[in-house]
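Worksheet: one structure, shown below.
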Protein chains: 2
Amino acid sequence: MTPIRSLDDLTPGMEFDLGSFVLTREEVLDFARRFDPQPFHLDEEAGQASIFGRLVASGLHTFSAAVGHLIRSGIFAQVNLGAGGAEIAWPAPLDPDTPVTMRVTVEEVRPSRSKPGMGIAKLRYVVARESDGTVVLRVAAPHFMKR
Amino acid sequence: MTPIRSLDDLTPGMEFDLGSFVLTREEVLDFARRFDPQPFHLDEEAGQASIFGRLVASGLHTFSAAVGHLIRSGIFAQVNLGAGGAEIAWPAPLDPDTPVTMRVTVEEVRPSRSKPGMGIAKLRYVVARESDGTVVLRVAAPHFMKR
């Protein structure tokens with residue numbers, strides 16, 4: 001994918017199809033042990049007894065993996081300076097070993113008034129199960145970017 | 001810390017002091033390699049050239065570690081069913097090997113109308129540098145909990 005070279009290359013409505021990724025069962029368990037050791041992320045039986053009805057990935061993992069996938073795409077590698085925050089929703093849980101697709105949309109582009117060399121692009125990420133389109137993650141995040 | 005036994009044990013304004021935690025430099029680098037491989041999270045010189053002026057932890061790592069710290073405290077272990085989303089802000093970056101304190105406040109408690117055995121507690125987490133109180137993470141998250 002061709003890297004963006006400036007915030008000014010972005011316009012609201014632009015979409016980037018980032019292809020797909022998978023969290024393996026081993027990765028799901030490893031992440032949960034470190035950062036989200038709740039029974040429904042660690043144990044099949046506990047998952048079945050939970051409101052999810054099965055072992056599912058931690059939402060933190062889904063979010064972290066999605067950002068990792070975006071960073072590795074390289075699209076914003078030359079311009080991204082960091083993000084100040086994020087609004088996250090997990091409409092459905094992500095299952096291990098289940099491919100998901102990721103799409104990023106540019107919602108807003110705002111050059112900084114005080115700092116001419118930078119600005120903010122508000123990006124939306126949507127991650128959905130490849131098999132049936134069920135959305136497992138929505139993120140809206142303001143990214144500081146170079147111009 | 002005594003675990004909560006029901007959503008009904010929570011009232012708006014309740015605060016939980018969760019003590020402190022640290023992300024070591026090794027943990028910061030390991031997390032960044034997996035989930036946020038941007039130069040300012042991976043390399044000291046690139047960090048110095050960045051808007052942060054130094055190598056800093058990925059905000060995803062700060063967020064994940066804070067949730068992990070909350071889960072490990074056990075306060076909500078008997079009642080937490082999962083979270084539907086989160087609003088995150090990173091007002092300042094977190095430095096490796098720098099102790100931070102964490103505090104959780106109950107903002108709102110809403111029993112479910114349709115499901116008598118559960119409800120939502122909106123929690124706010126604040127993570128701040130122990131040395132000077134600089135806030136590095138604010139989270140507001142609706143947690144589904146048992147009653």
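Ordering of the structure tokens sets the chain letters (A, B, ...), residue numbers begin anew at 1 in every chain, and ligands are numbered from 1 in the order given.
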Up to 9 Å from chain A, what residues of chain B turn up? Count only C-alpha atoms and give them as a PyMOL selection string. chain B and resi 32-38+40+50-52+59-61+63-72+77+80-92
Please run DSSP on the backbone and report, as a PDB file with N, CA and C atoms, in the first residue's frame, all residues within region 21-82 of chain A that come out as strand (DSSP E or B).
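Okay, this is what ended up in part-v1.pdb:
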ATOM      1  N   PHE A  21      -6.619 -10.258   9.160  1.00  0.00           N
ATOM      2  CA  PHE A  21      -5.681 -10.852  10.114  1.00  0.00           C
ATOM      3  C   PHE A  21      -6.433 -11.833  11.002  1.00  0.00           C
ATOM      4  N   ASN A  80       2.557   9.574  10.858  1.00  0.00           N
ATOM      5  CA  ASN A  80       1.874   9.444  12.147  1.00  0.00           C
ATOM      6  C   ASN A  80       2.762   9.856  13.318  1.00  0.00           C
ATOM      7  N   LEU A  81       2.259  10.739  14.166  1.00  0.00           N
ATOM      8  CA  LEU A  81       3.019  11.234  15.312  1.00  0.00           C
ATOM      9  C   LEU A  81       2.498  10.685  16.623  1.00  0.00           C
ATOM     10  N   GLY A  82       1.368   9.980  16.568  1.00  0.00           N
ATOM     11  CA  GLY A  82       0.763   9.472  17.806  1.00  0.00           C
ATOM     12  C   GLY A  82      -0.713   9.827  17.850  1.00  0.00           C
TER      13      GLY A  82
END
Per-residue DSSP, chain A, filtered to alpha helix (DSSP H), as a short mmCIF file (atom, residue, chain, number, x, y, z; two decimals) with all heavy atoms, in the first residue's frame:
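Output file result_35.cif is given in full below:
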data_model
loop_
_atom_site.label_atom_id
_atom_site.label_comp_id
_atom_site.auth_asym_id
_atom_site.auth_seq_id
_atom_site.Cartn_x
_atom_site.Cartn_y
_atom_site.Cartn_z
N ARG A 25 -5.41 -19.03 18.71
CA ARG A 25 -5.80 -19.40 20.07
C ARG A 25 -4.64 -19.20 21.05
O ARG A 25 -4.84 -18.70 22.17
CB ARG A 25 -6.20 -20.88 20.04
CG ARG A 25 -6.85 -21.34 21.29
CD ARG A 25 -7.26 -22.80 21.15
NE ARG A 25 -7.90 -23.19 22.36
CZ ARG A 25 -9.16 -22.91 22.65
NH1 ARG A 25 -9.93 -22.29 21.77
NH2 ARG A 25 -9.67 -23.26 23.81
N GLU A 26 -3.45 -19.53 20.61
CA GLU A 26 -2.27 -19.37 21.47
C GLU A 26 -2.03 -17.89 21.79
O GLU A 26 -1.74 -17.52 22.93
CB GLU A 26 -1.05 -19.96 20.76
CG GLU A 26 0.12 -20.25 21.65
CD GLU A 26 1.28 -20.84 20.85
OE1 GLU A 26 1.02 -21.49 19.80
OE2 GLU A 26 2.43 -20.62 21.25
N GLU A 27 -2.16 -17.04 20.77
CA GLU A 27 -1.99 -15.60 20.98
C GLU A 27 -3.07 -15.05 21.92
O GLU A 27 -2.80 -14.21 22.78
CB GLU A 27 -2.05 -14.85 19.64
CG GLU A 27 -0.83 -15.08 18.75
CD GLU A 27 -1.03 -14.55 17.33
OE1 GLU A 27 -2.18 -14.53 16.83
OE2 GLU A 27 -0.03 -14.16 16.71
N VAL A 28 -4.30 -15.53 21.73
CA VAL A 28 -5.41 -15.08 22.57
C VAL A 28 -5.16 -15.42 24.04
O VAL A 28 -5.33 -14.59 24.93
CB VAL A 28 -6.75 -15.72 22.07
CG1 VAL A 28 -7.85 -15.60 23.13
CG2 VAL A 28 -7.18 -15.06 20.76
N LEU A 29 -4.70 -16.65 24.28
CA LEU A 29 -4.43 -17.08 25.66
C LEU A 29 -3.25 -16.32 26.25
O LEU A 29 -3.28 -15.90 27.41
CB LEU A 29 -4.16 -18.60 25.69
CG LEU A 29 -5.35 -19.47 25.32
CD1 LEU A 29 -4.91 -20.94 25.20
CD2 LEU A 29 -6.47 -19.34 26.34
N ASP A 30 -2.21 -16.14 25.44
CA ASP A 30 -1.02 -15.43 25.91
C ASP A 30 -1.34 -13.99 26.29
O ASP A 30 -0.94 -13.50 27.35
CB ASP A 30 0.06 -15.48 24.81
CG ASP A 30 1.33 -14.80 25.25
OD1 ASP A 30 1.91 -15.22 26.27
OD2 ASP A 30 1.77 -13.83 24.58
N PHE A 31 -2.11 -13.31 25.43
CA PHE A 31 -2.48 -11.93 25.73
C PHE A 31 -3.31 -11.86 27.01
O PHE A 31 -3.08 -11.02 27.88
CB PHE A 31 -3.25 -11.30 24.56
CG PHE A 31 -3.44 -9.81 24.71
CD1 PHE A 31 -2.62 -8.91 24.04
CD2 PHE A 31 -4.42 -9.30 25.56
CE1 PHE A 31 -2.78 -7.53 24.20
CE2 PHE A 31 -4.59 -7.93 25.73
CZ PHE A 31 -3.77 -7.05 25.04
N ALA A 32 -4.29 -12.76 27.10
CA ALA A 32 -5.19 -12.76 28.27
C ALA A 32 -4.41 -12.99 29.56
O ALA A 32 -4.66 -12.33 30.58
CB ALA A 32 -6.28 -13.80 28.10
N ARG A 33 -3.45 -13.90 29.54
CA ARG A 33 -2.65 -14.16 30.74
C ARG A 33 -1.93 -12.90 31.22
O ARG A 33 -1.81 -12.63 32.40
CB ARG A 33 -1.60 -15.25 30.45
CG ARG A 33 -2.15 -16.65 30.62
CD ARG A 33 -1.05 -17.70 30.36
NE ARG A 33 -1.63 -18.85 29.71
CZ ARG A 33 -1.37 -19.26 28.46
NH1 ARG A 33 -0.47 -18.61 27.71
NH2 ARG A 33 -1.98 -20.32 27.96
N ARG A 34 -1.45 -12.12 30.24
CA ARG A 34 -0.68 -10.92 30.61
C ARG A 34 -1.56 -9.75 31.00
O ARG A 34 -1.24 -9.00 31.92
CB ARG A 34 0.16 -10.45 29.42
CG ARG A 34 1.30 -11.38 29.11
CD ARG A 34 2.01 -10.90 27.86
NE ARG A 34 2.91 -11.92 27.38
CZ ARG A 34 4.13 -11.68 26.95
NH1 ARG A 34 4.59 -10.45 26.90
NH2 ARG A 34 4.89 -12.65 26.55
N PHE A 35 -2.63 -9.52 30.25
CA PHE A 35 -3.34 -8.25 30.38
C PHE A 35 -4.82 -8.34 30.72
O PHE A 35 -5.43 -7.33 31.04
CB PHE A 35 -3.19 -7.45 29.07
CG PHE A 35 -1.78 -7.10 28.74
CD1 PHE A 35 -1.14 -7.66 27.65
CD2 PHE A 35 -1.08 -6.21 29.55
CE1 PHE A 35 0.17 -7.34 27.35
CE2 PHE A 35 0.24 -5.88 29.26
CZ PHE A 35 0.87 -6.45 28.15
N PRO A 39 -11.70 -15.40 33.39
CA PRO A 39 -11.93 -16.81 33.04
C PRO A 39 -12.38 -17.01 31.59
O PRO A 39 -11.91 -17.93 30.92
CB PRO A 39 -13.03 -17.24 34.02
CG PRO A 39 -12.90 -16.32 35.19
CD PRO A 39 -12.40 -15.02 34.64
N PHE A 40 -13.26 -16.12 31.08
CA PHE A 40 -13.80 -16.33 29.72
C PHE A 40 -12.80 -16.02 28.61
O PHE A 40 -13.08 -16.25 27.44
CB PHE A 40 -15.11 -15.54 29.53
CG PHE A 40 -15.11 -14.15 30.13
CD1 PHE A 40 -14.49 -13.10 29.47
CD2 PHE A 40 -15.72 -13.91 31.35
CE1 PHE A 40 -14.49 -11.83 30.01
CE2 PHE A 40 -15.73 -12.63 31.92
CZ PHE A 40 -15.11 -11.58 31.23
N HIS A 41 -11.62 -15.50 29.00
CA HIS A 41 -10.54 -15.31 28.01
C HIS A 41 -9.45 -16.39 28.14
O HIS A 41 -8.51 -16.42 27.35
CB HIS A 41 -9.87 -13.95 28.17
CG HIS A 41 -10.78 -12.79 27.95
ND1 HIS A 41 -11.68 -12.73 26.91
CD2 HIS A 41 -10.93 -11.61 28.63
CE1 HIS A 41 -12.34 -11.57 26.98
NE2 HIS A 41 -11.91 -10.89 28.00
N LEU A 42 -9.57 -17.23 29.17
CA LEU A 42 -8.48 -18.15 29.50
C LEU A 42 -8.86 -19.62 29.42
O LEU A 42 -8.00 -20.48 29.26
CB LEU A 42 -8.00 -17.89 30.94
CG LEU A 42 -7.22 -16.61 31.17
CD1 LEU A 42 -7.03 -16.38 32.65
CD2 LEU A 42 -5.88 -16.66 30.44
N GLU A 44 -11.81 -22.68 28.25
CA GLU A 44 -12.94 -23.02 27.38
C GLU A 44 -14.23 -23.22 28.17
O GLU A 44 -15.29 -22.68 27.81
CB GLU A 44 -12.60 -24.28 26.57
CG GLU A 44 -13.55 -24.59 25.44
CD GLU A 44 -13.68 -23.44 24.44
OE1 GLU A 44 -12.67 -22.99 23.86
OE2 GLU A 44 -14.83 -22.98 24.25
N GLU A 45 -14.14 -23.96 29.27
CA GLU A 45 -15.36 -24.21 30.06
C GLU A 45 -15.92 -22.94 30.68
O GLU A 45 -17.13 -22.71 30.69
CB GLU A 45 -15.07 -25.24 31.17
CG GLU A 45 -15.14 -26.66 30.66
CD GLU A 45 -15.00 -27.68 31.80
OE1 GLU A 45 -15.45 -27.40 32.92
OE2 GLU A 45 -14.41 -28.74 31.53
N ALA A 46 -15.01 -22.12 31.21
CA ALA A 46 -15.46 -20.84 31.79
C ALA A 46 -16.07 -19.97 30.70
O ALA A 46 -17.05 -19.24 30.93
CB ALA A 46 -14.29 -20.12 32.45
N GLY A 47 -15.51 -20.05 29.49
CA GLY A 47 -16.08 -19.31 28.36
C GLY A 47 -17.49 -19.76 28.06
O GLY A 47 -18.38 -18.93 27.80
N GLN A 48 -17.71 -21.07 28.10
CA GLN A 48 -19.05 -21.60 27.81
C GLN A 48 -20.06 -21.16 28.85
O GLN A 48 -21.24 -20.93 28.54
CB GLN A 48 -18.99 -23.13 27.71
CG GLN A 48 -18.37 -23.59 26.39
CD GLN A 48 -18.12 -25.08 26.33
OE1 GLN A 48 -18.66 -25.83 27.13
NE2 GLN A 48 -17.31 -25.51 25.38
N ALA A 49 -19.60 -21.01 30.09
CA ALA A 49 -20.51 -20.59 31.17
C ALA A 49 -20.72 -19.08 31.19
O ALA A 49 -21.57 -18.57 31.92
CB ALA A 49 -19.95 -21.05 32.51
N GLY A 59 -11.04 -7.94 24.46
CA GLY A 59 -11.24 -6.78 23.59
C GLY A 59 -9.99 -5.92 23.49
O GLY A 59 -9.74 -5.28 22.46
N LEU A 60 -9.17 -5.92 24.55
CA LEU A 60 -7.89 -5.20 24.51
C LEU A 60 -6.99 -5.78 23.43
O LEU A 60 -6.23 -5.07 22.79
CB LEU A 60 -7.15 -5.34 25.84
CG LEU A 60 -7.78 -4.77 27.09
CD1 LEU A 60 -6.98 -5.21 28.30
CD2 LEU A 60 -7.82 -3.26 26.99
N HIS A 61 -7.08 -7.10 23.30
CA HIS A 61 -6.26 -7.79 22.31
C HIS A 61 -6.75 -7.44 20.90
O HIS A 61 -5.94 -7.11 20.01
CB HIS A 61 -6.32 -9.29 22.56
CG HIS A 61 -5.31 -10.09 21.80
ND1 HIS A 61 -5.29 -11.45 21.81
CD2 HIS A 61 -4.27 -9.70 21.01
CE1 HIS A 61 -4.29 -11.88 21.05
NE2 HIS A 61 -3.66 -10.84 20.55
N THR A 62 -8.06 -7.49 20.70
CA THR A 62 -8.64 -7.13 19.40
C THR A 62 -8.19 -5.72 19.01
O THR A 62 -7.75 -5.48 17.88
CB THR A 62 -10.18 -7.18 19.47
OG1 THR A 62 -10.59 -8.43 20.03
CG2 THR A 62 -10.80 -7.00 18.11
N PHE A 63 -8.29 -4.80 19.96
CA PHE A 63 -7.91 -3.41 19.71
C PHE A 63 -6.41 -3.30 19.41
O PHE A 63 -6.00 -2.69 18.41
CB PHE A 63 -8.29 -2.58 20.94
CG PHE A 63 -7.92 -1.12 20.89
CD1 PHE A 63 -8.10 -0.36 19.74
CD2 PHE A 63 -7.42 -0.48 22.02
CE1 PHE A 63 -7.77 0.99 19.72
CE2 PHE A 63 -7.09 0.86 22.00
CZ PHE A 63 -7.26 1.60 20.85
N SER A 64 -5.59 -3.92 20.25
CA SER A 64 -4.13 -3.83 20.06
C SER A 64 -3.71 -4.46 18.73
O SER A 64 -2.87 -3.92 18.01
CB SER A 64 -3.40 -4.53 21.21
OG SER A 64 -3.67 -3.89 22.44
N ALA A 65 -4.31 -5.60 18.40
CA ALA A 65 -3.96 -6.28 17.15
C ALA A 65 -4.38 -5.45 15.94
O ALA A 65 -3.67 -5.41 14.92
CB ALA A 65 -4.60 -7.67 17.11
N ALA A 66 -5.52 -4.78 16.05
CA ALA A 66 -5.99 -3.94 14.94
C ALA A 66 -5.03 -2.77 14.72
O ALA A 66 -4.65 -2.47 13.58
CB ALA A 66 -7.41 -3.43 15.22
N VAL A 67 -4.62 -2.13 15.80
CA VAL A 67 -3.66 -1.03 15.66
C VAL A 67 -2.35 -1.56 15.08
O VAL A 67 -1.76 -0.96 14.18
CB VAL A 67 -3.43 -0.30 17.00
CG1 VAL A 67 -2.32 0.73 16.87
CG2 VAL A 67 -4.71 0.36 17.47
N GLY A 68 -1.90 -2.72 15.58
CA GLY A 68 -0.68 -3.32 15.04
C GLY A 68 -0.79 -3.58 13.55
O GLY A 68 0.15 -3.33 12.79
N HIS A 69 -1.95 -4.06 13.13
CA HIS A 69 -2.19 -4.34 11.71
C HIS A 69 -2.12 -3.04 10.90
O HIS A 69 -1.52 -3.00 9.82
CB HIS A 69 -3.56 -5.00 11.57
CG HIS A 69 -3.83 -5.58 10.22
ND1 HIS A 69 -3.15 -6.68 9.73
CD2 HIS A 69 -4.70 -5.21 9.24
CE1 HIS A 69 -3.60 -6.95 8.51
NE2 HIS A 69 -4.53 -6.08 8.19
N LEU A 70 -2.71 -1.98 11.44
CA LEU A 70 -2.66 -0.68 10.78
C LEU A 70 -1.22 -0.17 10.68
O LEU A 70 -0.78 0.28 9.61
CB LEU A 70 -3.54 0.31 11.56
CG LEU A 70 -3.48 1.78 11.13
CD1 LEU A 70 -3.94 1.95 9.68
CD2 LEU A 70 -4.34 2.65 12.05
N ILE A 71 -0.49 -0.24 11.78
CA ILE A 71 0.90 0.25 11.79
C ILE A 71 1.72 -0.55 10.77
O ILE A 71 2.47 0.03 9.98
CB ILE A 71 1.53 0.10 13.20
CG1 ILE A 71 0.77 0.92 14.25
CG2 ILE A 71 3.02 0.49 13.17
CD1 ILE A 71 0.73 2.39 14.01
N ARG A 72 1.55 -1.86 10.75
CA ARG A 72 2.33 -2.70 9.84
C ARG A 72 1.98 -2.49 8.38
O ARG A 72 2.78 -2.78 7.50
CB ARG A 72 2.15 -4.18 10.19
CG ARG A 72 2.89 -4.56 11.42
CD ARG A 72 3.20 -6.04 11.55
NE ARG A 72 4.04 -6.21 12.72
CZ ARG A 72 3.57 -6.27 13.98
NH1 ARG A 72 2.27 -6.24 14.21
NH2 ARG A 72 4.42 -6.39 14.98
N SER A 73 0.77 -1.98 8.12
CA SER A 73 0.40 -1.69 6.72
C SER A 73 1.31 -0.62 6.14
O SER A 73 1.50 -0.52 4.94
CB SER A 73 -1.07 -1.22 6.64
OG SER A 73 -1.17 0.14 7.07
#
Using only C-alpha atoms, which protein or nucleic acid residues come within 10 Å of Asp9 (chain A)? Drop anything in the same chain fewer than 4 positions from it, and give the result as a ChimeraX atom specification. /A:3-5,14,109,147
Output file for the selection above: N, CA and C atoms, as a CSV table (one decimal), in the first residue's frame:
chain,number,residue,atom,x,y,z
A,3,PRO,N,2.4,4.6,1.0
A,3,PRO,CA,2.4,5.4,2.2
A,3,PRO,C,1.9,6.8,1.9
A,4,ILE,N,1.1,7.3,2.8
A,4,ILE,CA,0.7,8.7,2.7
A,4,ILE,C,2.0,9.6,3.0
A,5,ARG,N,2.1,10.7,2.4
A,5,ARG,CA,3.3,11.5,2.6
A,5,ARG,C,3.1,12.8,3.4
A,14,MET,N,-12.1,9.1,2.5
A,14,MET,CA,-11.1,8.2,2.0
A,14,MET,C,-11.2,6.9,2.8
A,109,VAL,N,-10.2,15.9,8.7
A,109,VAL,CA,-8.8,16.3,8.5
A,109,VAL,C,-8.7,17.8,9.0
A,147,ARG,N,2.6,17.3,8.2
A,147,ARG,CA,2.1,17.9,6.9
A,147,ARG,C,3.4,18.1,6.0
